[in-house]
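J.: This structure is in structure tokens; I'll ask about it shortly.
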Amino acid sequence: MREKTGRVLVAVAAATLLLGFVVACEKKSEGGGGAPAASGAPIVVGSTLSLSGAFAATGAIHKIAGEAFVDRLNAEGGLLGRPVRWVVRDDESDQAKVSMLYEQLISQDKVDLIIGPYATPNILSAMAVAARHKYVLPQHTAVLAPLLTYECQFPGWSIGSTPNEFVPNQLLDAVASLSTPPKRIAIVTNQNGSTDFVSYGAGDNKVGAVSITRQRGLELVLEKRYPPNFSDWASLATQVRDARPDLLINNGLGVDPVNLLQAMAQLNYKPPMMFSLFPAPGPPLGLGPKADGLMSVSIFEPNKATLDRLGAKATAVVNDFKARATTAKLPYTVFETQAAASWNAWEILVAGVKGAGKIDHQAICDSLHSNGADTTFSGHLAFDASKHNFWPPTQTIKQIQNGDWVTVWPKDRAAGELRGPAA
Amino acid sequence: MSTIQAALSGILLGGLYALMAAGLSVTWGVLRVINLAHFGLMLVGAYLTFELASAWHINPLWTLVVTVPAMFVLGGALQLAFDALRISELNSLLLTFGLLIIIVQSVSNIWSADFQRMTAAVNPYATESVRLGRFVFPVPTLFAFAVAILIIGCAHLVLRRTFAGRALRAYAEDRAVAGAFGVDHRRVGVLLAATSGGSAAVAGMLFSLGSSLTPATAYEWFGTVFAVVILGGVGHLLGTLSAGLLVGLLSGVVSVVLSPATAPFVLFSLIVLALLLRPRGLFAARTAR
Amino acid sequence: MTRRGLIGIPLAVALLAALSLYRETIGFPLFYLGLLTTMLFWVTQATSWNILSGYSGYFSFGQAAYVGVGAYTTAVLFGRHGVNFYLTILVAAALCAVLGLAMGALAFRLRALRGEIFALLTLAVPFILAALARINPAIDGGQGIIVSIPEYPEGIGLFQDYLYLATLLVAGAAVFAAYAIRQSRFGWALSAIHDAEDVAEGLGVATFRYKLQALVASAVIGGVGGSIFALQIGFVAVDSVFQLTVPLFVIVMSVLGGRTHWIGPVIGVVFVVLVQDRLTASGLGRWQLIALGAILAALVVVAPDGIYARLKARPLLAAAVAVPITAVVWLVAQPLDGMLAGLLAATAIALWPARRRPPPSVDRGVVDTDRSPIRVDKSSSDGEEAVVECRGVTKYFGGVRALEGVDFTIREGEIVGLVGPNGSGKTTLVSLLAGSLRPTRGTIRIAGQDLAHLPAHRVAHAGVARTYQIPRPFASMTVRDNVAMAVMFGRSPLPLGTARREAQRPLDVVGLGALADAYPSALNLHQRQLLEMARALAADPKVLLLDEALAGLNPAEIDNAVQVVRRVHASGVSIVIVEHLLRVVKALATRIVVLDQGSCLADGDPTEVLADPAVVRAYLGRRAHARDS
């Protein structure tokens with residue numbers, strides 16, 4: 001009897017829950033746009049972001065940056081005199097869902113413009129849909145240039161058309177400027193697509209950190225690949241320690257460098273110099289002095305010197321982002337590479353539409369190819385279709401100095417001096 | 001030298017794997033509940049440790065005072081529900097998968113999907129280690145190793161030596177016979193599940209000492225933890241402990257000798273072999289469960 | 001059995017295809033096509049899973065292995081090396097077949113394979129394959145592979161139309177395969193494996209072969225689905241295909257829909273994908289997974305057999321409620337909202353707790369004792385030929401000795417009583433004779449044929465049938481079908497229709513004819529034991545092993561059972577009866593064999609053997625002693 005009552009209760013609960021969804025679905029929200037300062041029917045921009053799942057951490061940054069951008073744009077009079085509304089769907093970090101949702105946005109919701117999702121596999125899926133519909137696709141973060149073949153795809157972050165050559169060379173150039181340049185190099189690589197690419201190249205192009213290190217006559221003392229979701233950092237740390245490198249290159253993602261630094265610290269070891277490719281920016285700072293001197297790549301860091309050079313608007317954007325990120329309880333609230341790439345992508349979209357003077361994707365695409373785009377954080381961008389629109393890189397090397405990320409290389413864009421191994 | 005150090009660190013890390021797997025293994029073997037929500041409890045335990053330690057600036061070890069009772073109650077409550085609803089072994093897997101989805105998404109809604117970790121100021125253990133001659137023992141995994149041996153050892157003794165423990169094991173083998181012991185197996189079962197929940201809190205705390213947290217971490221544990229449960233033999237606590245240490249040792253050594261990328265291949269091939277040759281677990285050679 | 005599926009599935013496929021082919025004419029939005037494509041991908045996968053795991057009960061967590069192998073095959077061959085796309089589908093199917101064969105050959109050879117061990121084995125496979133792909137970056141170049149659009153006939157329209165039609169074709173074929181399997185011997189064999197595997201084997205079902213076939217069918221369908229999936233995602237990397245979420249979602253969908261019927265997974269897929277889509281569209285992203293988890297948990301509790309089984313119970317009411325709700329919401333909001341609302345309403349109706357109907361009443365008096373034996377076997381005139389011959393049969397379990405050097409012969413026309421104290425090795429001997437155990441040493445011959453290398457189902461064909469101490473009917477089949485299974489899979493295989501007619505004879509012999517259409521759950525213990533006998537008899541055995549077939553019966557039932565055994569014997573079957581009740585053994589047996597501690601203690605005429613002081617001491621004495629303590 002008790003069992004039956006239980007089942008009735010559960011059934012009632014389930015039925016209520018299910019009907020609740022119907023109601024919720026019917027009250028379909030009309031999207032999250034701000035109050036239009038401009039007049040007329042809004043221009044609708046559609047995109048997905050990974051708001052849940054494996055990519056959600058960075059997805060959140062792009063959501064906040066995008067919202068900040070759209071609010072600012074509307075406050076400044078909108079686009080073509082019309083307000084802009086951004087519809088963002090959660091793709092749950094699922095590639096198959098990305099294609100479907102972009103299809104939904106373009107053919108069912110008939111959005112006027114689209115902007116890319118986050119993370120390379122998702123961007124590639126979205127690009128396929130955009131190419132089918134001939135929609136212009138500005139995207140924040142895909143840097144695997146050889147794969148991004150659609151001519152109306154515009155990157156908001158560029159490491160050039162050959163990141164596998166650019167990144168290692170830039171890094172090795174930077175450390176070569178030190179008084180005692182490193183000679184023994186260790187390279188440990190996450191087998192994720194983009195990090196593996198920088199170490200080993202792709203397809204027939206086998207150039208990467210590994211080959212460049214050898215080619216420059218440096219000694220490669222350790223070379224290991226580890227799978228994503230790797231957990232046995234202690235063993236890798238031991239190998240690094242015993243290889244005694246002058247520079248440890250960790251072409252890794254997320255918290256890889258933190259895990260590695262921590263595992264090495266447990267061995268009472270810290271490599272004289274260390275570089276990590278795409279780390280989550282916040283967690284290494286949490287390690288305190290143990291992470292001091294860690295280098296990485298960046299397209300923008302809100303260092304005072306840099307902001308002073310860029311002017312008041314950049315400062316306002318950075319502060320606005322920080323306030324919004326704090327409200328959203330993000331653990332790391334600084335406007336840096338990811339957010340700047342997001343901002344670039346939005347500015348490319350707006351520049352294209354303004355250049356075309358109408359919502360016509362071919363015209364927007366053509367305008368971007370011929371006129372380029374002006375951005376707050378990366379200056380003027382020119383797009384060359386033969387290089388898959390990857391503009392000449394403005395990427396820099398940053399370094400943790402006294403608990404903060406500081407741009408240190410190249411010298412003309414640096415906000416601080418590159419520091420060599422601690423004595 | 002590298003190999004020996006990696007083997008030692010691997011064994012210590014294996015203690016954490018064993019602790020994570022023990023609760024899952026024992027509720028599966030004895031209560032016939034494949035509790036995927038256990039991963040959720042560990043995740044919540046880890047996040048609570050992070051939250052309490054960061055907010056109150058207390059030693060993360062002290063957070064156990066809060067998290068263990070909380071997870072104890074939660075684990076017991078879940079078992080009560082499974083009992084009341086008469087969930088079969090298979091359905092328990094599906095039901096708890098539903099619960100795990102809910103827990104992971106709730107954690108994401110509360111703490112964001114971004115990486116969270118205790119700062120060096122709050123958690124001094126992350127980078128500490130004990131040095132013994134030429135070898136180094138990292139403190140977070142050393143804790144995990146010691147705690148795993150302590151908890152699993154005690155639980156083993158309780159299950160072997162006490163009347164309630166024997167009643168439970170009888171229940172695991174034959175539900176009809178269990179009645180003969182005159183013990184309310186339901187009540188003892190709830191106690192067991194609650195204890196397993198408590199162990200999840202401890203495992204979560206130990207994990208958070210040495211690692212960054214994201215909600216997706218719960219799914220990342222699946223492979224290794226199930227490997228340990230299977231290799232150890234479902235329901236065998238000492239087997240689980242040995243399997244945990246073995247898995248840690250193996251992935252450490254394979255990482256050094258071959259490559260870290262090879263470790264999962266070796267590990268899961270070993271599981272297939274173990275299942276084929278020793279379906280009851282590597283360390284359950286003669287004793288029927 | 002209805003043949004609705006035979007027409008229904010091609011019709012549904014044709015209708016769905018028309019949505020794309022005449023998309024512009026009827027104004028069918030492209031987005032719906034995308035949604036349907038997603039659904040059809042999952043239909044393929046869930047159906048693939050269901051053929052093995054739903055039908056036979058062996059749960060697999062390895063679905064991602066097939067998706068991964070399929071997608072990788074197409075991505076590497078077509079995407080990287082420009083091999084013809086359609087050829088890559090065939091290669092994917094072949095590779096998955098090999099994978100399935102390998103998995104099955106390894107797993108199903110295990111004597112003591114339990115469901116959970118199989119589940120965990122399959123869980124490890126995608127991990128191994130993913131690791132393999134990572135160790136050899138040469139496979140995908142290290143970064144993953146872009147899969148471009150293959151050439152397709154121009155008349156089809158856009159790429160989405162092509163993708164949709166391809167996915168539809170695969171999904172349709174998968175569902176049709178699942179339907180066809182369900183209707184065939186194959187499906188019946190899988191159901192029997194699901195209900196009671198070793199019983200099925202003992203009745204002559206080649207369980208190993210059928211399980212292996214199911215696994216291979218499942219792998220091939222999953223692989224072909226994965227192949228098309230590579231086109232759908234357009235970029236294939238290890239993480240995008242070897243995901244744990246694939247098996248988990250497949251299981252969720254199949255279980256929600258109902259896993260014993262071919263249409264169950266389809267319903268589950270429609271339900272889950274619609275709910276997910278509507279939640280996403282309504283901007284409740286943060287709550288989407290929480291809602292999905294809650295739905296899963298609630299449904300597992302309320303309807304563990306799946307929605308379909310419950311819908312079937314009240315289809316009219318469900319339709320009557322669902323249709324107007326769909327219509328209203330469709331008009332007010334979007335069509336998809338309408339469909340979801342309708343589906344949810346139908347589900348709610350289906351799940352509303354039914355008043356427990358009393359089990360169909362069964363007339364206790366149906367056991368008809370007056371029926372005379374149907375026929376007498378022609379060969380029974382020569383009653384001296386040995387049917388069963390055991391020589392030096394020895395069986396150890398680990399270090400424990402169960403039987404030691406037992407010699408034992410049964411001649412045609414005999415009823416041999418096998419007695420002995422508990423643990424003397426009676427049931428072990430029965431299992432050895434039935435082929436479900438193998439002797440450590442010694443030989444067993446049935447009608448001159450050595451059992452040493454025969455699998456259990458071939459032993460059944462050689463002429464041995466057994467009953468179980470605790471009756472183990474196939475719970476999902478009627479009494480008639482339980483018996484028909486033994487005919488269907490007997491020495492000379494028969495189709496289901498004939499087997500059902502043939503089943504009447506053994507049912508009449510045991511007196512269960514009137515209960516033929518009841519389900520086993522409606523039978524009492526005695527009737528179940530009679531069903532065991534009828535099932536064994538239906539296999540047309542030379543020797544029938546009755547393992548305590550009378551345990552737990554009341555005196556009247558025992559008398560009836562004795563009559564039934566006599567009738568069976570009269571029909572020309574030799575019988576070995578294991579029994580504690582000496583009254584019964586004395587009444588029935590033409591000879592008695594006494595086992596004690598694994599050895600043969602006495603063998604001969606019932607009255608003489610039971611008077612033997614050694615037997616009295618070993619057997620009766622101990623029993624008497626045991627009763628005192």
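Please note that chains go A, B, ... in the order of the structure tokens, that every chain numbers its residues from 1, and that ligands are numbered from 1 in the order shown.
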Using only C-alpha atoms, select each residue of chain C with any atom at most 7 Å away from an atom of chain B, and give the selection as a PyMOL selection string.

T.: chain C and resi 107+110+117+121+124+127-128+131-132+134-135+286+289-290+293-294+296-297+300-301

J.: Counting only C-alpha atoms, what is within 9 Å of Leu78 in chain B, bar same-chain residues fewer than 3 positions away, as number ranges by chain?

T.: B: 73-75, 81-83, 190, 193-194

J.: Residues of chain B within 7 Å of chain A, counting only C-alpha atoms, what are they? List them as a PyMOL selection string.

T.: chain B and resi 2+5-6+9+84-85+112-117+119-120+126-129+136+138+211+216+220+252+255-256+259-261

J.: Find the residues around Leu178 in chain A up to 8 Å (only C-alpha atoms counted), leave out those fewer than 4 positions away in its own chain, and share them as a PyMOL selection string.

T.: chain A and resi 174+418-420

J.: Go through A:Cys152, A:Asp173, A:Pro302, A:Thr162 one by one, measure the shortest atom-to-atom distance of each to Pro392 in chain A using only C-alpha atoms, and give the residue with the smallest value.

T.: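 Of A:Cys152, A:Asp173, A:Pro302, A:Thr162, the one nearest Pro392 in chain A is A:Thr162, counting only C-alpha atoms.
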
J.: Within 9 Å of Ala173 in chain C, counting only C-alpha atoms, which residues qualify if same-chain residues fewer than 4 places away don't, as an MDAnalysis selection string?

T.: chainID C and resid 9 44 168:169 177:178 221

J.: Next, dump the selected residues to file, keeping only N, CA and C atoms, as a PDB file, in the first residue's frame.

T.:
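Heads up, here's the output in out.pdb:
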```
ATOM      1  N   ILE C   9       6.248   0.603 -41.153  1.00  0.00           N
ATOM      2  CA  ILE C   9       7.577   1.218 -41.146  1.00  0.00           C
ATOM      3  C   ILE C   9       7.923   1.812 -42.510  1.00  0.00           C
ATOM      4  N   THR C  44      18.463   5.598 -34.702  1.00  0.00           N
ATOM      5  CA  THR C  44      19.377   4.560 -35.162  1.00  0.00           C
ATOM      6  C   THR C  44      20.171   3.993 -33.995  1.00  0.00           C
ATOM      7  N   LEU C 168      17.495   9.199 -42.474  1.00  0.00           N
ATOM      8  CA  LEU C 168      16.181   8.558 -42.445  1.00  0.00           C
ATOM      9  C   LEU C 168      16.265   7.125 -42.957  1.00  0.00           C
ATOM     10  N   LEU C 169      16.993   6.960 -44.043  1.00  0.00           N
ATOM     11  CA  LEU C 169      17.130   5.636 -44.638  1.00  0.00           C
ATOM     12  C   LEU C 169      17.767   4.672 -43.636  1.00  0.00           C
ATOM     13  N   ALA C 177      14.884  -3.558 -39.175  1.00  0.00           N
ATOM     14  CA  ALA C 177      15.660  -4.720 -38.735  1.00  0.00           C
ATOM     15  C   ALA C 177      15.218  -5.141 -37.340  1.00  0.00           C
ATOM     16  N   ALA C 178      15.045  -4.152 -36.459  1.00  0.00           N
ATOM     17  CA  ALA C 178      14.627  -4.462 -35.096  1.00  0.00           C
ATOM     18  C   ALA C 178      13.264  -5.145 -35.109  1.00  0.00           C
ATOM     19  N   ILE C 221      24.663  -1.618 -37.198  1.00  0.00           N
ATOM     20  CA  ILE C 221      23.712  -0.505 -37.281  1.00  0.00           C
ATOM     21  C   ILE C 221      24.306   0.744 -36.647  1.00  0.00           C
TER      22      ILE C 221
END
```

J.: Please indicate the distance in Å from CA of Leu90 in chain C to CA of Asp161 in chain C, rounded to one decimal place.

T.: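 The value is 21.7 Å.
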
J.: Of the candidates C:Asp239, C:Asp198, C:Glu154, C:Glu385, which shows the shortest atom-to-atom distance to chain A, using only C-alpha atoms?

T.: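 Answer, going by the shortest atom-to-atom distance: C:Asp239.
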
J.: Can you work out which residues from chain C touch chain A at a cut-off of 6 Å (counting only C-alpha atoms) and hand them back as a PDB file with N, CA and C atoms, in the first residue's frame?

T.:
```pdb
ATOM      1  N   PHE C  31      14.370  24.039 -40.488  1.00  0.00           N
ATOM      2  CA  PHE C  31      14.835  23.741 -39.133  1.00  0.00           C
ATOM      3  C   PHE C  31      14.256  22.421 -38.623  1.00  0.00           C
ATOM      4  N   GLY C  34      16.243  19.645 -39.543  1.00  0.00           N
ATOM      5  CA  GLY C  34      17.425  19.468 -38.705  1.00  0.00           C
ATOM      6  C   GLY C  34      17.072  18.717 -37.431  1.00  0.00           C
ATOM      7  N   GLY C 141      45.577  12.767 -37.851  1.00  0.00           N
ATOM      8  CA  GLY C 141      46.466  13.910 -37.995  1.00  0.00           C
ATOM      9  C   GLY C 141      46.660  14.657 -36.689  1.00  0.00           C
ATOM     10  N   GLN C 143      44.633  16.409 -34.899  1.00  0.00           N
ATOM     11  CA  GLN C 143      43.708  17.495 -34.566  1.00  0.00           C
ATOM     12  C   GLN C 143      42.256  17.179 -34.852  1.00  0.00           C
ATOM     13  N   ILE C 233      28.125  16.222 -38.112  1.00  0.00           N
ATOM     14  CA  ILE C 233      28.905  17.153 -37.293  1.00  0.00           C
ATOM     15  C   ILE C 233      29.979  17.850 -38.112  1.00  0.00           C
ATOM     16  N   GLY C 234      30.380  17.281 -39.233  1.00  0.00           N
ATOM     17  CA  GLY C 234      31.281  17.982 -40.143  1.00  0.00           C
ATOM     18  C   GLY C 234      32.726  18.047 -39.688  1.00  0.00           C
ATOM     19  N   SER C 282      13.190  27.740 -25.117  1.00  0.00           N
ATOM     20  CA  SER C 282      12.494  28.634 -24.199  1.00  0.00           C
ATOM     21  C   SER C 282      13.453  29.377 -23.299  1.00  0.00           C
ATOM     22  N   GLY C 285      17.908  27.306 -20.433  1.00  0.00           N
ATOM     23  CA  GLY C 285      19.128  26.511 -20.542  1.00  0.00           C
ATOM     24  C   GLY C 285      19.686  26.030 -19.221  1.00  0.00           C
ATOM     25  N   ALA C 341       3.443  19.043 -25.997  1.00  0.00           N
ATOM     26  CA  ALA C 341       2.344  19.052 -25.030  1.00  0.00           C
ATOM     27  C   ALA C 341       1.516  17.788 -25.184  1.00  0.00           C
ATOM     28  N   ALA C 348       1.476  11.400 -19.423  1.00  0.00           N
ATOM     29  CA  ALA C 348       0.858  11.549 -18.108  1.00  0.00           C
ATOM     30  C   ALA C 348      -0.317  10.583 -17.964  1.00  0.00           C
TER      31      ALA C 348
END
```

J.: Give me the residues within 9 Å of Val247 in chain B as a list in words, counting only C-alpha atoms and dropping any in the same chain fewer than 5 places off.

T.: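 Here the qualifying residues turn out to be Gly10, Ile11, Gly14, Tyr17, Thr224, Ala227, Val228, Leu231, Ser242, Gly252 and Leu267 of chain B.
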
J.: Could you name the residues that touch Gly197 in chain B at 10 Å or less, counting only C-alpha atoms, but leaving out those on the same chain fewer than 3 positions away, as a count of residues only?

T.: 28

J.: Please indicate the distance in Å from CA of Ala217 in chain C to CA of Leu120 in chain C, rounded to one decimal place.

T.: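 Computed distance, CA of Ala217 in chain C to CA of Leu120 in chain C, equals 20.0 Å.
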
J.: Pick out each residue of range 52-271 of chain A that DSSP on the backbone tags as alpha helix (DSSP H); I need them as a VMD selection string.

T.: chain A and resid 56 to 75 95 to 103 120 to 133 163 to 176 193 to 200 209 to 215 233 to 243 256 to 266

J.: Mind pulling up the distance from CA of Glu347 in chain A to CA of Asn371 in chain A?

T.: 13.3 Å

J.: Fewer than 4 positions away in the same chain doesn't count, so skip those; otherwise give me all residues within 12 Å of Ser184 in chain C, counting only C-alpha atoms, as an mmCIF file with C-alpha atoms, in the first residue's frame.

T.:
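What ended up in out-v2.cif:
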```cif
data_model
loop_
_atom_site.group_PDB
_atom_site.id
_atom_site.type_symbol
_atom_site.label_atom_id
_atom_site.label_comp_id
_atom_site.auth_asym_id
_atom_site.auth_seq_id
_atom_site.Cartn_x
_atom_site.Cartn_y
_atom_site.Cartn_z
ATOM 1 C CA MET C 1 1.430 -11.538 -34.194
ATOM 2 C CA ARG C 3 2.262 -7.542 -39.339
ATOM 3 C CA ALA C 177 15.660 -4.720 -38.735
ATOM 4 C CA ALA C 178 14.627 -4.462 -35.096
ATOM 5 C CA TYR C 179 11.047 -5.223 -36.101
ATOM 6 C CA ALA C 180 12.007 -8.148 -38.308
ATOM 7 C CA TRP C 188 12.191 -15.350 -29.807
ATOM 8 C CA ALA C 189 15.605 -16.726 -29.001
ATOM 9 C CA LEU C 190 16.694 -13.316 -27.661
ATOM 10 C CA SER C 191 13.539 -13.071 -25.525
ATOM 11 C CA TYR C 210 22.204 -15.653 -31.170
ATOM 12 C CA MET C 485 10.033 -22.444 -27.847
ATOM 13 C CA MET C 488 10.866 -24.258 -32.439
ATOM 14 C CA LEU C 494 10.073 -25.447 -36.955
ATOM 15 C CA PRO C 495 8.510 -22.058 -37.665
ATOM 16 C CA LEU C 496 6.538 -20.403 -34.880
ATOM 17 C CA GLY C 497 3.065 -21.189 -36.264
#
```

J.: Which of range 13-155 of chain A counts as strand (DSSP E or B) under DSSP, as JSON, numbers by chain please?

T.: {"A": [43, 44, 45, 46, 47, 48, 49, 79, 82, 84, 85, 86, 87, 88, 89, 90, 113, 114, 137, 138, 139, 153, 154, 155]}
